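Colleague: Got a file for you: model-v8.txt, compact mmCIF, C-alpha atoms and all ligand atoms.
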```
# COMPACT_ATOMS: atom_id res chain seq x y z
CA MET A 1 4.20 23.48 14.62
CA GLY A 2 4.59 19.93 15.94
CA ASP A 3 7.65 17.71 16.14
CA ASN A 4 7.57 16.78 12.46
CA THR A 5 6.72 13.13 13.16
CA MET A 6 3.32 12.99 11.47
CA ARG A 7 3.39 10.28 8.85
CA ILE A 8 1.77 11.05 5.53
CA THR A 9 -0.18 7.89 4.79
CA LYS A 10 -1.52 7.13 1.32
CA LYS A 11 -4.98 7.95 2.62
CA ILE A 12 -3.89 11.43 3.70
CA ARG A 13 -1.96 11.93 0.47
CA ASP A 14 -5.00 10.97 -1.62
CA GLU A 15 -7.23 13.22 0.46
CA VAL A 16 -4.91 16.18 -0.16
CA LEU A 17 -4.57 15.43 -3.89
CA SER A 18 -8.30 15.06 -4.31
CA LYS A 19 -9.00 18.38 -2.57
CA ILE A 20 -6.48 20.15 -4.79
CA ALA A 21 -7.29 18.64 -8.16
CA GLY A 22 -10.12 16.10 -7.95
CA GLU A 23 -10.20 12.33 -7.69
CA ASP A 24 -8.12 11.53 -10.79
CA ALA A 25 -5.13 13.37 -9.31
CA SER A 26 -4.17 10.26 -7.28
CA LYS A 27 -4.18 8.15 -10.43
CA ILE A 28 -1.70 10.53 -12.04
CA ILE A 29 0.52 10.74 -8.96
CA ASP A 30 0.53 6.94 -8.56
CA PHE A 31 1.85 6.72 -12.09
CA ILE A 32 4.61 9.35 -11.82
CA LYS A 33 5.63 9.10 -8.16
CA ASP A 34 8.57 6.71 -8.65
CA LYS A 35 9.61 8.06 -12.04
CA LYS A 36 11.60 11.06 -13.16
CA GLU A 37 10.36 13.66 -15.61
CA THR A 38 7.41 11.85 -17.11
CA SER A 39 5.99 13.28 -20.33
CA GLU A 40 2.47 14.67 -20.09
CA PHE A 41 1.52 12.57 -23.13
CA ILE A 42 2.72 9.35 -21.49
CA ILE A 43 0.80 10.27 -18.32
CA ALA A 44 -2.39 10.84 -20.28
CA GLU A 45 -1.93 7.64 -22.26
CA LYS A 46 -1.16 5.38 -19.29
CA THR A 47 -3.78 6.78 -16.93
CA LYS A 48 -6.35 6.94 -19.74
CA ILE A 49 -7.23 10.48 -18.74
CA GLU A 50 -7.78 12.80 -21.68
CA ILE A 51 -4.75 15.06 -22.36
CA HIS A 52 -6.47 18.39 -21.63
CA ARG A 53 -7.81 17.07 -18.34
CA THR A 54 -4.42 15.58 -17.50
CA ARG A 55 -2.81 18.99 -18.06
CA MET A 56 -5.46 20.75 -16.02
CA ILE A 57 -4.97 18.38 -13.09
CA LEU A 58 -1.18 18.64 -13.29
CA TYR A 59 -1.37 22.41 -13.41
CA LYS A 60 -3.50 22.49 -10.26
CA LEU A 61 -0.96 20.24 -8.55
CA PHE A 62 1.78 22.59 -9.72
CA GLU A 63 -0.07 25.61 -8.32
CA ALA A 64 -0.36 23.82 -4.98
CA ASN A 65 3.38 23.11 -5.16
CA VAL A 66 3.09 19.31 -5.05
CA ALA A 67 4.19 18.78 -8.67
CA ALA A 68 6.88 20.38 -10.81
CA PHE A 69 7.65 20.32 -14.52
CA VAL A 70 10.34 21.06 -17.05
CA ARG A 71 9.47 22.07 -20.59
CA ARG A 72 11.54 20.76 -23.45
CA LYS A 73 11.28 21.03 -27.18
CA ASP A 74 10.69 17.70 -28.86
CA LYS A 75 13.47 17.41 -31.45
CA ILE A 76 11.42 15.44 -33.93
CA LYS A 77 7.97 17.00 -33.60
CA GLY A 78 9.29 20.49 -32.95
CA TRP A 79 6.81 21.36 -30.18
CA TYR A 80 7.22 21.75 -26.43
CA ILE A 81 6.38 18.95 -24.03
CA CYS A 82 6.11 19.19 -20.24
CA TYR A 83 7.81 16.53 -18.14
CA TRP A 84 6.45 16.07 -14.63
CA ASP A 85 7.62 15.10 -11.16
CA PHE A 86 5.75 14.60 -7.91
CA LEU A 87 7.00 16.70 -4.96
CA SER A 88 5.98 14.30 -2.21
CA LYS A 89 7.76 16.23 0.52
CA ASN A 90 5.37 19.16 0.04
CA ILE A 91 2.21 17.16 0.68
CA LYS A 92 2.43 17.69 4.40
CA HIS A 93 2.66 21.46 4.11
CA THR A 94 -0.40 21.49 1.85
CA TYR A 95 -2.23 19.15 4.23
CA VAL A 96 -1.68 21.57 7.12
CA LYS A 97 -2.63 24.53 4.93
CA LEU A 98 -5.93 22.91 3.93
CA LYS A 99 -6.66 22.14 7.60
CA LYS A 100 -6.01 25.78 8.52
CA GLU A 101 -8.33 26.99 5.77
CA LYS A 102 -11.03 24.66 7.04
CA LEU A 103 -10.46 25.90 10.57
CA GLU A 104 -10.94 29.50 9.47
CA LYS A 105 -14.21 28.60 7.74
CA LEU A 106 -15.52 26.79 10.81
CA GLN A 107 -14.53 29.66 13.08
CA SER A 108 -16.35 32.23 10.99
CA ARG A 109 -19.37 29.93 10.79
CA LEU A 110 -19.30 29.58 14.59
CA GLU A 111 -19.19 33.36 14.97
CA GLN A 112 -22.24 33.61 12.72
CA GLU A 113 -24.12 31.09 14.81
CA GLN A 114 -23.13 32.71 18.11
CA ASN A 115 -23.86 36.29 17.10
CA HIS A 116 -27.07 35.88 15.15
CA GLN A 117 -30.53 34.59 15.76
CA PHE A 118 -31.87 32.18 13.20
CA PHE A 119 -35.44 31.62 12.23
CA MET A 120 -36.78 28.48 10.68
CA CYS A 121 -40.04 27.40 9.09
CA LYS A 122 -41.67 24.54 10.98
CA ASN A 123 -41.87 22.63 7.68
CA ALA A 124 -38.12 23.17 7.32
CA CYS A 125 -38.28 24.82 3.91
CA ALA A 126 -36.34 27.91 4.95
CA ARG A 127 -33.77 29.07 7.49
CA MET A 128 -32.64 32.65 7.76
CA ASN A 129 -31.18 35.27 10.07
CA PHE A 130 -33.21 37.84 11.98
CA GLU A 131 -32.84 40.65 9.42
CA LYS A 132 -34.08 38.45 6.58
CA ALA A 133 -36.90 37.06 8.71
CA VAL A 134 -38.08 40.62 9.43
CA ASP A 135 -38.17 41.27 5.67
CA PHE A 136 -40.51 38.29 5.29
CA GLU A 137 -42.52 39.33 8.37
CA PHE A 138 -41.55 36.00 9.93
CA LYS A 139 -43.54 34.09 7.34
CA CYS A 140 -41.91 31.34 5.32
CA PRO A 141 -41.34 32.53 1.73
CA GLU A 142 -42.02 28.98 0.51
CA CYS A 143 -45.15 27.85 2.35
CA GLY A 144 -46.34 30.87 4.32
CA GLU A 145 -46.07 29.20 7.74
CA LEU A 146 -44.85 31.24 10.66
CA MET A 147 -41.10 30.97 11.23
CA ASN A 148 -39.83 30.39 14.76
CA GLN A 149 -36.52 31.19 16.32
CA GLN A 150 -34.31 28.16 16.11
CA ASP A 151 -32.31 26.84 19.01
CA ASN A 152 -28.87 26.52 17.45
CA SER A 153 -27.04 25.38 20.59
CA ARG A 154 -26.39 21.93 19.09
CA THR A 155 -24.95 23.48 15.94
CA ILE A 156 -22.71 25.65 18.11
CA GLU A 157 -21.65 22.63 20.13
CA PHE A 158 -20.90 20.65 16.98
CA LEU A 159 -18.87 23.49 15.48
CA SER A 160 -16.93 24.02 18.72
CA ASP A 161 -16.06 20.32 18.89
CA SER A 162 -14.95 20.27 15.24
CA ILE A 163 -12.78 23.33 15.81
CA ALA A 164 -11.15 21.80 18.90
CA SER A 165 -10.30 18.54 17.11
CA LEU A 166 -9.03 20.38 14.03
CA LYS A 167 -6.75 22.51 16.22
CA LYS A 168 -5.38 19.36 17.80
CA ASP A 169 -4.78 17.86 14.33
CA ILE A 170 -2.88 20.96 13.24
CA ALA A 171 -0.80 21.04 16.43
CA ASN A 172 0.14 17.37 15.97
CA SER A 173 1.15 17.66 12.33
ZN ZN A 201 -42.10 26.75 4.93
```
Would you encode the structure as structure tokens?
Modeller:
Amino acid sequence: MGDNTMRITKKIRDEVLSKIAGEDASKIIDFIKDKKETSEFIIAEKTKIEIHRTRMILYKLFEANVAAFVRRKDKIKGWYICYWDFLSKNIKHTYVKLKKEKLEKLQSRLEQEQNHQFFMCKNACARMNFEKAVDFEFKCPECGELMNQQDNSRTIEFLSDSIASLKKDIANS
């Protein structure tokens, strides 16, 4: 891994949070980030996100290891309440992990493109690999037009470029 100098900007943080738990996750983190052990009910009330959704988002953040909670029994009401904290130092690890997952997806997609022939209807209603195209006797299942082999060199080029820049990102983080 890199020299540990990558700065986690708010933009990167929000991008990570949104990928883990949806767009409202940033709202919740903005509210708890400078506090200690914030009650789930307070979070829901202040962010105006319904309590079940608030819990669902927080749980996803917990699973990704960017939020932690303690559970305490409320002395008056007698039930358990979760109190939450943001683990900001773990955002970077999750950021790199998400990048690596994306890299794997792109690499397997690239392999697909490099090792298979694709056929496409000239009206662009369908695109499929050779085996499938044989099943349809090279006729489009939608409109019946003949399907032609598609030149996917630009797709391959695009995927290769994306992979190279993602690798650089990962190395620099
Ligand atoms: Zn067609």
Colleague: What is the CA of Ala44 in chain A to CA of Val16 in chain A distance in Å?
Modeller: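 Computing the Euclidean distance for CA of Ala44 in chain A and CA of Val16 in chain A yields 21.0 Å.
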Colleague: List as a ChimeraX atom specification the protein and nucleic acid residues lying within 7 Å of ligand ZN 201 (chain A), with all atoms listed in the file counted.
Modeller: /A:121-126,140-145
Colleague: Rounded to one decimal in Å, what is the spacing between CA of Asn129 in chain A and CA of Ala164 in chain A?
Modeller: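 Between CA of Asn129 in chain A and CA of Ala164 in chain A the gap works out to 25.7 Å.
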Colleague: In Å to one decimal, how far is CA of Lys46 in chain A from CA of Asp14 in chain A?
Modeller: 18.9 Å
Colleague: Using all atoms listed in the file, can you tell me which of A:His116, A:Ala133, A:Asp74, A:Lys36 comes closest to Phe86 in chain A?
Modeller: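 Closest to Phe86 in chain A of all the choices is A:Lys36.
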Colleague: Can you check which parts of range 40-133 of chain A lie within 12 Å of range 32-35 of chain A? Per residue, the shortest pair of atoms and distance in Å to one decimal, counting all atoms listed in the file, sorted by chain and number, as a Markdown table.
Modeller:
```
| residue | atom | partner | partner_atom | distance |
| --- | --- | --- | --- | --- |
| A:Glu40 | CA | A:Ile32 | CA | 10.1 |
| A:Ile42 | CA | A:Ile32 | CA | 9.9 |
| A:Ile43 | CA | A:Ile32 | CA | 7.6 |
| A:Ala44 | CA | A:Ile32 | CA | 11.1 |
| A:Lys46 | CA | A:Ile32 | CA | 10.2 |
| A:Thr47 | CA | A:Ile32 | CA | 10.2 |
| A:Leu58 | CA | A:Ile32 | CA | 11.0 |
| A:Val66 | CA | A:Lys33 | CA | 11.0 |
| A:Ala67 | CA | A:Lys33 | CA | 9.8 |
| A:Ala68 | CA | A:Ile32 | CA | 11.3 |
| A:Phe69 | CA | A:Ile32 | CA | 11.7 |
| A:Tyr83 | CA | A:Ile32 | CA | 10.1 |
| A:Trp84 | CA | A:Ile32 | CA | 7.5 |
| A:Asp85 | CA | A:Ile32 | CA | 6.5 |
| A:Phe86 | CA | A:Lys33 | CA | 5.5 |
| A:Leu87 | CA | A:Lys33 | CA | 8.4 |
| A:Ser88 | CA | A:Lys33 | CA | 7.9 |
| A:Lys89 | CA | A:Lys33 | CA | 11.4 |
```
Colleague: So which residues are close to (-38.6, 32.3, 12.1), meaning at most 9 Å away in the file's coordinates with only C-alpha atoms counted, and can you show them as an MDAnalysis selection string?
Modeller: chainID A and resid 118:122 126:130 133:134 137:140 146:150
Colleague: Restricting the calculation to all atoms listed in the file, which member of A:Tyr59, A:Leu98, A:Ile163, A:Cys82 is positioned closest to Glu15 in chain A?
Modeller: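 Closest to Glu15 in chain A, using all atoms listed in the file: A:Leu98.
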Colleague: Using all atoms listed in the file, which of the listed residues (A:Gln107, A:Ser39, A:Gln114, A:Thr54) sits closest to Ile81 in chain A?
Modeller: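 Of the candidates, the smallest distance to Ile81 in chain A is held by A:Ser39.
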Colleague: List the neighbours of Thr155 in chain A out to 10 Å using all atoms listed in the file; skip same-chain residues closer than 6 positions along the sequence, and give me the result as a list in words.
Modeller: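 With the cut-off at 10 Å, the set is Arg109, Leu110, Glu113, Gln114 and Asp161 of chain A.
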Colleague: Quick one: residues within 12 Å of Glu23 in chain A, all atoms listed in the file, excluding same-chain residues fewer than 4 positions away - as a ChimeraX atom specification?
Modeller: /A:13-19,27-29,49,53-54,57
Colleague: Around (-14.4, 30.7, 11.5), as given in the file, which residues come within 12 Å? Count all atoms listed in the file and list them as a list in words.
Modeller: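 Residues satisfying the cut-off, written out: Lys100, Glu101, Lys102, Leu103, Glu104, Lys105, Leu106, Gln107, Ser108, Arg109, Leu110, Glu111, Gln112, Glu113, Gln114, Ile156, Leu159, Ser160, Ser162, Ile163 and Leu166 of chain A.
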Colleague: Pick from A:Ile8, A:Ile20, A:Tyr80, A:Lys167: nearest to Phe41 in chain A, with all atoms listed in the file counted?
Modeller: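 Smallest distance to Phe41 in chain A is found for A:Tyr80.
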Colleague: Using all atoms listed in the file, can you tell me which of A:Lys77, A:Arg154, A:Glu63, A:Arg72 comes closest to Asn90 in chain A?
Modeller: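 For Asn90 in chain A, the nearest of the given residues is A:Glu63.
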Colleague: Here is a test: counting all atoms listed in the file, which residue of A:Thr38, A:His52, A:Tyr95, A:Met6 is nearest to Arg71 in chain A?
Modeller: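 Result for the nearest residue to Arg71 in chain A: A:Thr38.
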